[in-house]
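K.L.:
Enclosed is the structure file my_file_32.cif (mmCIF, C-alpha atoms and all ligand atoms).
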data_entry
loop_
_atom_site.group_PDB
_atom_site.id
_atom_site.type_symbol
_atom_site.label_atom_id
_atom_site.label_comp_id
_atom_site.auth_asym_id
_atom_site.auth_seq_id
_atom_site.Cartn_x
_atom_site.Cartn_y
_atom_site.Cartn_z
ATOM 1 C CA MET A 1 -106.119 -98.597 57.631
ATOM 2 C CA SER A 2 -108.882 -97.245 55.441
ATOM 3 C CA LYS A 3 -108.180 -94.387 53.115
ATOM 4 C CA THR A 4 -108.755 -91.150 54.968
ATOM 5 C CA ILE A 5 -110.835 -88.371 53.539
ATOM 6 C CA ASN A 6 -108.623 -85.947 55.337
ATOM 7 C CA LYS A 7 -108.198 -82.976 53.019
ATOM 8 C CA ASN A 8 -106.014 -80.942 55.373
ATOM 9 C CA PRO A 9 -103.219 -78.917 53.776
ATOM 10 C CA CYS A 10 -100.050 -80.901 53.139
ATOM 11 C CA ILE A 11 -96.714 -79.412 54.111
ATOM 12 C CA ILE A 12 -93.974 -80.152 51.590
ATOM 13 C CA CYS A 13 -90.431 -80.113 52.942
ATOM 14 C CA VAL A 14 -87.583 -79.898 50.439
ATOM 15 C CA ALA A 15 -84.265 -81.466 51.431
ATOM 16 C CA ILE A 16 -82.089 -79.669 48.929
ATOM 17 C CA THR A 17 -78.589 -81.133 49.268
ATOM 18 C CA GLY A 18 -77.895 -83.642 52.045
ATOM 19 C CA SER A 19 -74.472 -85.114 52.660
ATOM 20 C CA VAL A 20 -74.302 -87.853 50.072
ATOM 21 C CA PRO A 21 -75.148 -86.920 46.454
ATOM 22 C CA THR A 22 -72.445 -85.281 44.357
ATOM 23 C CA LYS A 23 -72.291 -83.286 41.119
ATOM 24 C CA GLU A 24 -71.016 -86.503 39.525
ATOM 25 C CA ASN A 25 -74.272 -88.214 40.516
ATOM 26 C CA ASN A 26 -76.402 -85.298 39.313
ATOM 27 C CA PRO A 27 -74.880 -82.012 38.133
ATOM 28 C CA ASN A 28 -78.037 -80.176 39.208
ATOM 29 C CA ILE A 29 -77.544 -80.757 42.909
ATOM 30 C CA PRO A 30 -76.869 -77.461 44.721
ATOM 31 C CA ILE A 31 -73.545 -77.513 46.580
ATOM 32 C CA SER A 32 -72.321 -73.955 47.134
ATOM 33 C CA VAL A 33 -74.338 -71.723 49.429
ATOM 34 C CA ASN A 34 -75.357 -69.553 46.468
ATOM 35 C CA GLU A 35 -76.573 -72.580 44.529
ATOM 36 C CA GLN A 36 -78.456 -73.738 47.605
ATOM 37 C CA ILE A 37 -80.200 -70.391 48.033
ATOM 38 C CA GLU A 38 -81.204 -70.319 44.358
ATOM 39 C CA SER A 39 -82.456 -73.902 44.469
ATOM 40 C CA THR A 40 -84.412 -73.226 47.657
ATOM 41 C CA GLN A 41 -86.063 -70.172 46.126
ATOM 42 C CA GLU A 42 -87.240 -72.204 43.132
ATOM 43 C CA ALA A 43 -88.561 -74.931 45.422
ATOM 44 C CA PHE A 44 -90.266 -72.377 47.671
ATOM 45 C CA GLU A 45 -91.955 -70.759 44.672
ATOM 46 C CA ALA A 46 -93.003 -74.251 43.544
ATOM 47 C CA GLY A 47 -94.728 -74.872 46.896
ATOM 48 C CA ALA A 48 -92.260 -76.145 49.498
ATOM 49 C CA SER A 49 -92.688 -74.453 52.866
ATOM 50 C CA ILE A 50 -89.887 -76.150 54.838
ATOM 51 C CA VAL A 51 -86.278 -76.373 53.693
ATOM 52 C CA HIS A 52 -84.040 -79.025 55.278
ATOM 53 C CA CYS A 53 -80.445 -77.797 55.153
ATOM 54 C CA HIS A 54 -77.011 -79.383 55.136
ATOM 55 C CA VAL A 55 -73.888 -77.510 54.052
ATOM 56 C CA ARG A 56 -70.935 -78.614 51.961
ATOM 57 C CA ASN A 57 -67.434 -77.458 51.225
ATOM 58 C CA ASP A 58 -66.979 -76.015 47.746
ATOM 59 C CA ASP A 59 -65.382 -79.267 46.578
ATOM 60 C CA GLY A 60 -68.579 -81.078 47.568
ATOM 61 C CA SER A 61 -67.221 -82.751 50.691
ATOM 62 C CA VAL A 62 -69.329 -82.709 53.856
ATOM 63 C CA SER A 63 -69.157 -79.793 56.257
ATOM 64 C CA SER A 64 -70.744 -78.695 59.493
ATOM 65 C CA ASP A 65 -69.349 -75.172 59.350
ATOM 66 C CA PRO A 66 -71.646 -72.867 61.373
ATOM 67 C CA ILE A 67 -70.643 -69.880 59.199
ATOM 68 C CA LYS A 68 -71.943 -71.624 56.094
ATOM 69 C CA PHE A 69 -75.190 -72.444 57.888
ATOM 70 C CA LYS A 70 -75.538 -68.794 58.857
ATOM 71 C CA LYS A 71 -74.959 -67.601 55.263
ATOM 72 C CA LEU A 72 -77.471 -70.118 53.981
ATOM 73 C CA LYS A 73 -80.070 -69.077 56.542
ATOM 74 C CA ASP A 74 -79.572 -65.381 55.771
ATOM 75 C CA GLY A 75 -79.965 -65.983 52.029
ATOM 76 C CA ILE A 76 -83.073 -68.122 52.426
ATOM 77 C CA THR A 77 -84.633 -65.609 54.805
ATOM 78 C CA LYS A 78 -84.011 -62.883 52.222
ATOM 79 C CA PHE A 79 -85.197 -64.687 49.114
ATOM 80 C CA CYS A 80 -87.870 -66.980 50.615
ATOM 81 C CA PRO A 81 -89.583 -64.831 53.215
ATOM 82 C CA GLY A 82 -91.640 -66.901 55.632
ATOM 83 C CA MET A 83 -90.213 -70.271 54.649
ATOM 84 C CA ILE A 84 -89.470 -72.545 57.620
ATOM 85 C CA ILE A 85 -85.719 -73.138 57.849
ATOM 86 C CA GLN A 86 -84.618 -76.462 59.292
ATOM 87 C CA PHE A 87 -80.959 -77.288 59.966
ATOM 88 C CA SER A 88 -79.848 -80.896 59.959
ATOM 89 C CA THR A 89 -78.093 -82.222 63.039
ATOM 90 C CA GLY A 90 -77.654 -85.526 61.198
ATOM 91 C CA GLY A 91 -74.563 -87.606 61.665
ATOM 92 C CA ARG A 92 -73.060 -87.663 58.204
ATOM 93 C CA SER A 93 -71.690 -84.136 58.269
ATOM 94 C CA GLY A 94 -69.831 -84.131 61.571
ATOM 95 C CA SER A 95 -69.245 -86.067 64.716
ATOM 96 C CA GLY A 96 -70.403 -85.572 68.291
ATOM 97 C CA ARG A 97 -71.375 -82.090 69.380
ATOM 98 C CA GLU A 98 -69.975 -80.637 66.173
ATOM 99 C CA ARG A 99 -73.362 -81.633 64.728
ATOM 100 C CA GLY A 100 -75.045 -78.920 66.782
ATOM 101 C CA TYR A 101 -72.558 -76.058 66.731
ATOM 102 C CA MET A 102 -74.712 -74.112 64.232
ATOM 103 C CA LEU A 103 -77.814 -74.161 66.444
ATOM 104 C CA PRO A 104 -76.984 -70.738 68.023
ATOM 105 C CA HIS A 105 -77.896 -69.286 64.600
ATOM 106 C CA CYS A 106 -81.496 -70.033 65.575
ATOM 107 C CA PRO A 107 -83.142 -71.809 62.653
ATOM 108 C CA ASP A 108 -86.909 -72.324 63.055
ATOM 109 C CA MET A 109 -86.410 -76.083 63.275
ATOM 110 C CA ALA A 110 -83.678 -78.679 63.458
ATOM 111 C CA SER A 111 -83.789 -82.365 62.742
ATOM 112 C CA LEU A 112 -83.045 -84.696 65.642
ATOM 113 C CA THR A 113 -82.545 -88.448 65.677
ATOM 114 C CA VAL A 114 -83.250 -89.850 69.124
ATOM 115 C CA GLY A 115 -81.675 -93.273 68.839
ATOM 116 C CA SER A 116 -79.101 -95.245 66.891
ATOM 117 C CA ASN A 117 -79.473 -97.539 63.903
ATOM 118 C CA ASN A 118 -77.457 -98.805 60.981
ATOM 119 C CA PHE A 119 -76.747 -96.863 57.804
ATOM 120 C CA PRO A 120 -75.566 -98.444 54.535
ATOM 121 C CA ASN A 121 -71.897 -98.608 55.566
ATOM 122 C CA ARG A 122 -71.757 -97.660 59.232
ATOM 123 C CA VAL A 123 -73.544 -97.254 62.516
ATOM 124 C CA TYR A 124 -75.599 -94.075 62.819
ATOM 125 C CA GLU A 125 -74.623 -93.335 66.371
ATOM 126 C CA ASN A 126 -76.794 -91.133 68.572
ATOM 127 C CA SER A 127 -75.851 -91.628 72.193
ATOM 128 C CA PRO A 128 -78.231 -90.595 74.988
ATOM 129 C CA GLU A 129 -75.667 -87.999 76.086
ATOM 130 C CA LEU A 130 -75.520 -86.406 72.612
ATOM 131 C CA ILE A 131 -79.313 -86.471 72.232
ATOM 132 C CA ASP A 132 -79.712 -84.742 75.609
ATOM 133 C CA TRP A 133 -77.212 -82.071 74.630
ATOM 134 C CA LEU A 134 -78.761 -81.410 71.194
ATOM 135 C CA SER A 135 -82.223 -81.294 72.805
ATOM 136 C CA SER A 136 -81.102 -78.820 75.442
ATOM 137 C CA GLU A 137 -79.536 -76.597 72.759
ATOM 138 C CA MET A 138 -82.812 -76.665 70.817
ATOM 139 C CA ILE A 139 -84.718 -75.565 73.929
ATOM 140 C CA ARG A 140 -82.136 -72.900 74.631
ATOM 141 C CA TYR A 141 -82.461 -71.365 71.160
ATOM 142 C CA LYS A 142 -86.227 -71.968 70.826
ATOM 143 C CA ILE A 143 -85.785 -74.355 67.914
ATOM 144 C CA VAL A 144 -88.610 -76.776 67.151
ATOM 145 C CA PRO A 145 -87.297 -80.317 66.665
ATOM 146 C CA GLU A 146 -88.281 -82.575 63.803
ATOM 147 C CA ILE A 147 -87.806 -86.104 65.094
ATOM 148 C CA GLU A 148 -86.288 -88.449 62.522
ATOM 149 C CA ALA A 149 -87.753 -91.879 63.256
ATOM 150 C CA PHE A 150 -85.582 -94.500 61.587
ATOM 151 C CA ASP A 151 -87.100 -97.115 63.876
ATOM 152 C CA LEU A 152 -90.208 -97.696 66.001
ATOM 153 C CA SER A 153 -88.189 -97.259 69.193
ATOM 154 C CA HIS A 154 -87.382 -93.692 68.111
ATOM 155 C CA ILE A 155 -91.086 -92.800 68.292
ATOM 156 C CA PHE A 156 -91.279 -94.129 71.850
ATOM 157 C CA GLN A 157 -88.073 -92.335 72.772
ATOM 158 C CA ALA A 158 -89.395 -89.043 71.357
ATOM 159 C CA SER A 159 -92.592 -89.321 73.391
ATOM 160 C CA GLN A 160 -90.527 -89.778 76.557
ATOM 161 C CA LEU A 161 -88.382 -86.739 75.765
ATOM 162 C CA PHE A 162 -91.479 -84.565 75.271
ATOM 163 C CA LYS A 163 -93.136 -86.019 78.370
ATOM 164 C CA TYR A 164 -90.185 -85.086 80.576
ATOM 165 C CA ASN A 165 -89.720 -81.664 78.936
ATOM 166 C CA LYS A 166 -86.370 -82.588 77.453
ATOM 167 C CA LEU A 167 -87.919 -81.523 74.160
ATOM 168 C CA LYS A 168 -90.375 -78.700 73.693
ATOM 169 C CA GLY A 169 -92.733 -77.533 71.002
ATOM 170 C CA LYS A 170 -95.477 -79.366 69.170
ATOM 171 C CA PRO A 171 -94.076 -82.795 68.288
ATOM 172 C CA TYR A 172 -93.311 -83.275 64.598
ATOM 173 C CA ILE A 173 -92.296 -86.821 63.765
ATOM 174 C CA GLN A 174 -90.803 -87.873 60.449
ATOM 175 C CA PHE A 175 -90.766 -91.539 59.473
ATOM 176 C CA VAL A 176 -87.702 -92.346 57.399
ATOM 177 C CA MET A 177 -87.871 -95.456 55.264
ATOM 178 C CA GLY A 178 -85.763 -97.033 52.584
ATOM 179 C CA VAL A 179 -82.283 -96.374 53.972
ATOM 180 C CA LYS A 180 -80.243 -99.533 53.419
ATOM 181 C CA ASN A 181 -79.812 -101.543 56.645
ATOM 182 C CA ALA A 182 -82.444 -99.438 58.456
ATOM 183 C CA MET A 183 -86.273 -99.648 58.207
ATOM 184 C CA PRO A 184 -87.410 -100.708 54.744
ATOM 185 C CA VAL A 185 -90.442 -99.288 52.960
ATOM 186 C CA ASP A 186 -93.279 -101.321 54.442
ATOM 187 C CA ARG A 187 -96.916 -100.267 54.362
ATOM 188 C CA GLN A 188 -97.965 -102.108 57.511
ATOM 189 C CA VAL A 189 -95.125 -100.621 59.510
ATOM 190 C CA PHE A 190 -95.925 -97.196 58.068
ATOM 191 C CA GLU A 191 -99.527 -97.450 59.245
ATOM 192 C CA PHE A 192 -98.408 -98.738 62.631
ATOM 193 C CA TYR A 193 -96.042 -95.764 62.953
ATOM 194 C CA ILE A 194 -99.009 -93.423 62.402
ATOM 195 C CA GLU A 195 -101.151 -95.251 64.964
ATOM 196 C CA THR A 196 -98.303 -95.208 67.466
ATOM 197 C CA VAL A 197 -97.675 -91.487 67.067
ATOM 198 C CA LYS A 198 -101.391 -90.781 67.538
ATOM 199 C CA ARG A 199 -101.510 -92.986 70.626
ATOM 200 C CA LEU A 200 -98.371 -91.686 72.336
ATOM 201 C CA MET A 201 -98.436 -88.032 71.243
ATOM 202 C CA PRO A 202 -102.000 -87.039 70.319
ATOM 203 C CA SER A 203 -101.028 -83.441 69.520
ATOM 204 C CA ALA A 204 -98.218 -84.471 67.150
ATOM 205 C CA ASN A 205 -98.060 -83.946 63.413
ATOM 206 C CA TRP A 206 -96.286 -86.494 61.284
ATOM 207 C CA CYS A 207 -94.534 -86.588 57.946
ATOM 208 C CA ALA A 208 -92.429 -89.078 56.048
ATOM 209 C CA ALA A 209 -89.417 -89.361 53.787
ATOM 210 C CA GLY A 210 -88.314 -92.183 51.506
ATOM 211 C CA THR A 211 -84.943 -92.529 49.857
ATOM 212 C CA GLY A 212 -84.084 -93.149 46.220
ATOM 213 C CA LYS A 213 -86.799 -94.797 44.191
ATOM 214 C CA TYR A 214 -88.910 -95.043 47.354
ATOM 215 C CA GLN A 215 -89.287 -91.285 47.664
ATOM 216 C CA LYS A 216 -92.350 -91.231 45.424
ATOM 217 C CA ILE A 217 -94.017 -94.155 47.201
ATOM 218 C CA ILE A 218 -93.555 -92.571 50.607
ATOM 219 C CA ASN A 219 -94.810 -89.234 49.258
ATOM 220 C CA GLU A 220 -97.887 -91.025 48.006
ATOM 221 C CA TRP A 221 -98.531 -92.880 51.286
ATOM 222 C CA SER A 222 -98.113 -89.801 53.456
ATOM 223 C CA ILE A 223 -100.342 -87.661 51.263
ATOM 224 C CA GLU A 224 -102.983 -90.384 51.018
ATOM 225 C CA LEU A 225 -103.048 -90.939 54.788
ATOM 226 C CA GLY A 226 -103.257 -87.280 55.798
ATOM 227 C CA GLY A 227 -99.656 -86.561 56.796
ATOM 228 C CA HIS A 228 -97.003 -84.222 55.507
ATOM 229 C CA THR A 229 -94.134 -85.189 53.266
ATOM 230 C CA ARG A 230 -90.560 -84.589 52.208
ATOM 231 C CA THR A 231 -88.978 -84.504 48.800
ATOM 232 C CA GLY A 232 -85.733 -83.141 47.395
ATOM 233 C CA MET A 233 -82.404 -84.200 46.007
ATOM 234 C CA GLU A 234 -80.907 -85.162 49.364
ATOM 235 C CA ASP A 235 -83.080 -88.275 49.266
ATOM 236 C CA ASN A 236 -83.474 -88.861 45.538
ATOM 237 C CA ILE A 237 -81.737 -87.454 42.465
ATOM 238 C CA ARG A 238 -83.999 -88.988 39.796
ATOM 239 C CA ILE A 239 -87.481 -88.466 38.487
ATOM 240 C CA SER A 240 -87.460 -91.887 36.842
ATOM 241 C CA LYS A 241 -85.062 -94.773 36.414
ATOM 242 C CA HIS A 242 -83.457 -93.179 33.383
ATOM 243 C CA GLN A 243 -83.913 -89.474 34.047
ATOM 244 C CA LEU A 244 -82.118 -87.270 36.540
ATOM 245 C CA ALA A 245 -84.052 -84.553 38.356
ATOM 246 C CA SER A 246 -83.420 -81.149 36.807
ATOM 247 C CA SER A 247 -83.918 -79.345 40.121
ATOM 248 C CA ASN A 248 -85.369 -79.575 43.593
ATOM 249 C CA ALA A 249 -88.336 -77.580 42.279
ATOM 250 C CA GLU A 250 -89.104 -80.335 39.784
ATOM 251 C CA LEU A 251 -89.405 -82.830 42.657
ATOM 252 C CA VAL A 252 -91.675 -80.395 44.509
ATOM 253 C CA PHE A 253 -93.911 -80.140 41.418
ATOM 254 C CA LEU A 254 -94.155 -83.941 41.247
ATOM 255 C CA THR A 255 -95.142 -84.034 44.925
ATOM 256 C CA LYS A 256 -97.787 -81.391 44.292
ATOM 257 C CA GLU A 257 -99.255 -83.602 41.580
ATOM 258 C CA ILE A 258 -99.702 -86.353 44.168
ATOM 259 C CA CYS A 259 -101.416 -83.821 46.452
ATOM 260 C CA SER A 260 -103.838 -83.003 43.610
ATOM 261 C CA LYS A 261 -104.505 -86.696 43.069
ATOM 262 C CA TYR A 262 -105.607 -87.044 46.708
ATOM 263 C CA GLU A 263 -107.274 -83.623 46.791
ATOM 264 C CA ARG A 264 -104.886 -82.304 49.410
ATOM 265 C CA PRO A 265 -104.176 -78.587 49.158
ATOM 266 C CA VAL A 266 -100.500 -77.696 49.508
ATOM 267 C CA ALA A 267 -99.790 -75.695 52.682
ATOM 268 C CA ASN A 268 -98.240 -72.297 52.108
ATOM 269 C CA TRP A 269 -95.670 -71.076 54.619
ATOM 270 C CA LYS A 270 -98.278 -69.330 56.758
ATOM 271 C CA GLU A 271 -100.391 -72.454 57.000
ATOM 272 C CA ALA A 272 -97.315 -74.579 57.661
ATOM 273 C CA ARG A 273 -96.252 -72.303 60.528
ATOM 274 C CA GLN A 274 -99.744 -72.441 61.961
ATOM 275 C CA ILE A 275 -99.941 -76.250 61.732
ATOM 276 C CA LEU A 276 -96.528 -76.706 63.338
ATOM 277 C CA ASP A 277 -96.940 -73.826 65.784
ATOM 278 C CA ILE A 278 -93.784 -72.039 64.662
ATOM 279 C CA PRO A 279 -94.163 -68.265 64.725
ATOM 280 C CA LEU A 280 -92.044 -66.078 62.490
ATOM 281 C CA ARG A 281 -88.949 -64.959 64.378
ATOM 282 C CA THR A 282 -88.666 -61.214 64.607
HETATM 283 MG MG MG B 301 -80.609 -84.654 56.127
#
Since I need it in another form, could you write the structure as structure tokens?

P.N.:
Amino acid sequence: MSKTINKNPCIICVAITGSVPTKENNPNIPISVNEQIESTQEAFEAGASIVHCHVRNDDGSVSSDPIKFKKLKDGITKFCPGMIIQFSTGGRSGSGRERGYMLPHCPDMASLTVGSNNFPNRVYENSPELIDWLSSEMIRYKIVPEIEAFDLSHIFQASQLFKYNKLKGKPYIQFVMGVKNAMPVDRQVFEFYIETVKRLMPSANWCAAGTGKYQKIINEWSIELGGHTRTGMEDNIRISKHQLASSNAELVFLTKEICSKYERPVANWKEARQILDIPLRT
């Protein structure tokens, strides 16, 4: 694939917390809802226009408590007006339908994995029945899905779900690479993912996320090739081998530098909503 000269605005998503990193790994990771709101505001002011949200218990353990999600959404709406709020329905914070019990709080978006794969120490299980239920809840509450493609088959599966109206909204597909035992960081596969999305879902937008030391590489590839990208401490807690990230905002700034390198403007929240076709909820 030749280098594109696509200078469209790049949407930066910040995944602030996730389910895995702890204060022991990096004391700067936001855990409490108040810390999360503060960290999101800094990242928003730095240029992120989507926030990907997980919640935790105060001791740092994983949670899927809908009340916490609601508090987080209210705080972000107040302090980051216009920012696109995305809840995670990922499988590390709960099991079965518990993963979607916060959807009635109507975030703008929610992540959705449409197939199963391996994670570092377990199977990431997404049964057809669960996917159908999460999809129907997203339609019910007018939530735009972000498809997490851990595998090529997930892109095909997503296109089928949109085709048969089991998912609605403009498709937004995120390629996830670098998770141990799932798809590694591979340039040829990355380019094939892009081609496949364009072939199966011509109206789709795409973005990508890499984990750990691969975050920067995936940021670079997505920005270079005209897509959108994700950063944040959920995926990576370091800015270099020997230095921990001081904040989510710092990672957003580093991503913006890559945008400058490839002459991609950074999308503000209005542009991001327009690109993804997500109106402000009133
Ligand atoms: Mg997540």

K.L.:
Around (-91.6, -73.8, 47.3) in the file's own coordinates, what residues are found within 9 Å if you use only C-alpha atoms, given back as a ChimeraX atom specification?

P.N.:
/A:12-14,40-51,80,83,249,252-253,268-269

K.L.:
Per residue of chain A within 10 Å of ligand MG 301 (chain B), note the shortest atom pair and the distance in Å to one decimal, counting only C-alpha atoms and all ligand atoms, and order the rows by chain and increasing residue number, as a tab-separated table.

P.N.:
residue	atom	partner	partner_atom	distance
A:Ala15	CA	B:MG301	MG	6.8
A:Ile16	CA	B:MG301	MG	8.9
A:Thr17	CA	B:MG301	MG	8.0
A:Gly18	CA	B:MG301	MG	5.0
A:Ser19	CA	B:MG301	MG	7.1
A:Val20	CA	B:MG301	MG	9.3
A:His52	CA	B:MG301	MG	6.6
A:Cys53	CA	B:MG301	MG	6.9
A:His54	CA	B:MG301	MG	6.5
A:Gln86	CA	B:MG301	MG	9.7
A:Phe87	CA	B:MG301	MG	8.3
A:Ser88	CA	B:MG301	MG	5.4
A:Thr89	CA	B:MG301	MG	7.7
A:Gly90	CA	B:MG301	MG	5.9
A:Gly91	CA	B:MG301	MG	8.7
A:Arg92	CA	B:MG301	MG	8.4
A:Ser93	CA	B:MG301	MG	9.2
A:Ala110	CA	B:MG301	MG	9.9
A:Ser111	CA	B:MG301	MG	7.7
A:Leu112	CA	B:MG301	MG	9.8
A:Glu148	CA	B:MG301	MG	9.4
A:Glu234	CA	B:MG301	MG	6.8
A:Asp235	CA	B:MG301	MG	8.1

K.L.:
Determine the nearest neighbour of Val144 (chain A) from the options A:Arg97, A:Lys7, A:Arg273, A:Arg56, counting all atoms listed in the file.

P.N.:
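Checking each candidate against Val144 (chain A), we get A:Arg273 as the closest.
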
K.L.:
Restricting the calculation to all atoms listed in the file, which member of A:Glu257, A:Asp58, A:Glu35, A:Asp277 is positioned closest to Glu220 (chain A)?

P.N.:
A:Glu257

K.L.:
Evaluate the PyMOL selection byres (((chain A and resi 153) around 12) and not hetatm) and record the selected residues as a count of residues only, following the chain and residue labels used in the document.

P.N.:
23

K.L.:
Please identify all polymer residues lying at most 12 Å from the point (-95.8, -75.7, 63.9) (file coordinates), using all atoms listed in the file, and present the result as a PyMOL selection string.

P.N.:
chain A and resi 11+49-50+84+108-109+143-146+168-173+203-206+267+269-280

K.L.:
Rounded to one decimal in Å, what is the spacing between CA of Met177 (chain A) and CA of Ile258 (chain A)?

P.N.:
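CA of Met177 (chain A) sits 18.6 Å away from CA of Ile258 (chain A).
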
K.L.:
Taking into account all atoms listed in the file, which residue in the set A:Cys106, A:Ile218, A:Thr211, A:Cys259 is nearest to Thr282 (chain A)?

P.N.:
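For Thr282 (chain A), the nearest of the candidates is A:Cys106.
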
K.L.:
Under the rule that only C-alpha atoms are counted, which of A:Ser127, A:Ser136, A:Ser222, A:Gln243 is the nearest residue to Leu103 (chain A)?

P.N.:
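Residue with the minimum atom-to-atom distance to Leu103 (chain A): A:Ser136.
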
K.L.:
Mind pulling up the distance from CA of Pro107 (chain A) to CA of Arg281 (chain A)?

P.N.:
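Calculated distance between CA of Arg281 (chain A) and CA of Pro107 (chain A) is 9.1 Å.
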
K.L.:
Would you mind reading off the distance between CA of Lys180 (chain A) and CA of Phe119 (chain A), one decimal, in Å?

P.N.:
6.2 Å

K.L.:
Measuring between all atoms listed in the file, which one of A:Asn236, A:Ile223, A:Glu191, A:Ser246 shows the shortest distance to Tyr262 (chain A)?

P.N.:
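Under the stated criterion, the closest residue is A:Ile223.
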
K.L.:
Can you turn the PyMOL selection byres (((chain A and resi 120) around 10) and not hetatm) into a concrete residue list for this file, as a VMD selection string?

P.N.:
chain A and resid 118 to 119 121 to 124 179 to 182

K.L.:
Pick from A:His228, A:His105, A:Arg99, A:Arg238: nearest to Ile85 (chain A), with all atoms listed in the file counted?

P.N.:
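Residue with the minimum atom-to-atom distance to Ile85 (chain A): A:His105.
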
K.L.:
Neighbours of Lys23 (chain A) within 12 Å (only C-alpha atoms; same-chain residues fewer than 6 positions away dropped), as a VMD selection string?

P.N.:
chain A and resid 17 29 to 32 56 58 to 61 233 237 244

K.L.:
Run through the PyMOL selection byres (((chain A and resi 265) around 8) and not hetatm) on the given coordinates and return the selected residues as a ChimeraX atom specification.

P.N.:
/A:7-10,259-260,263-264,266-267
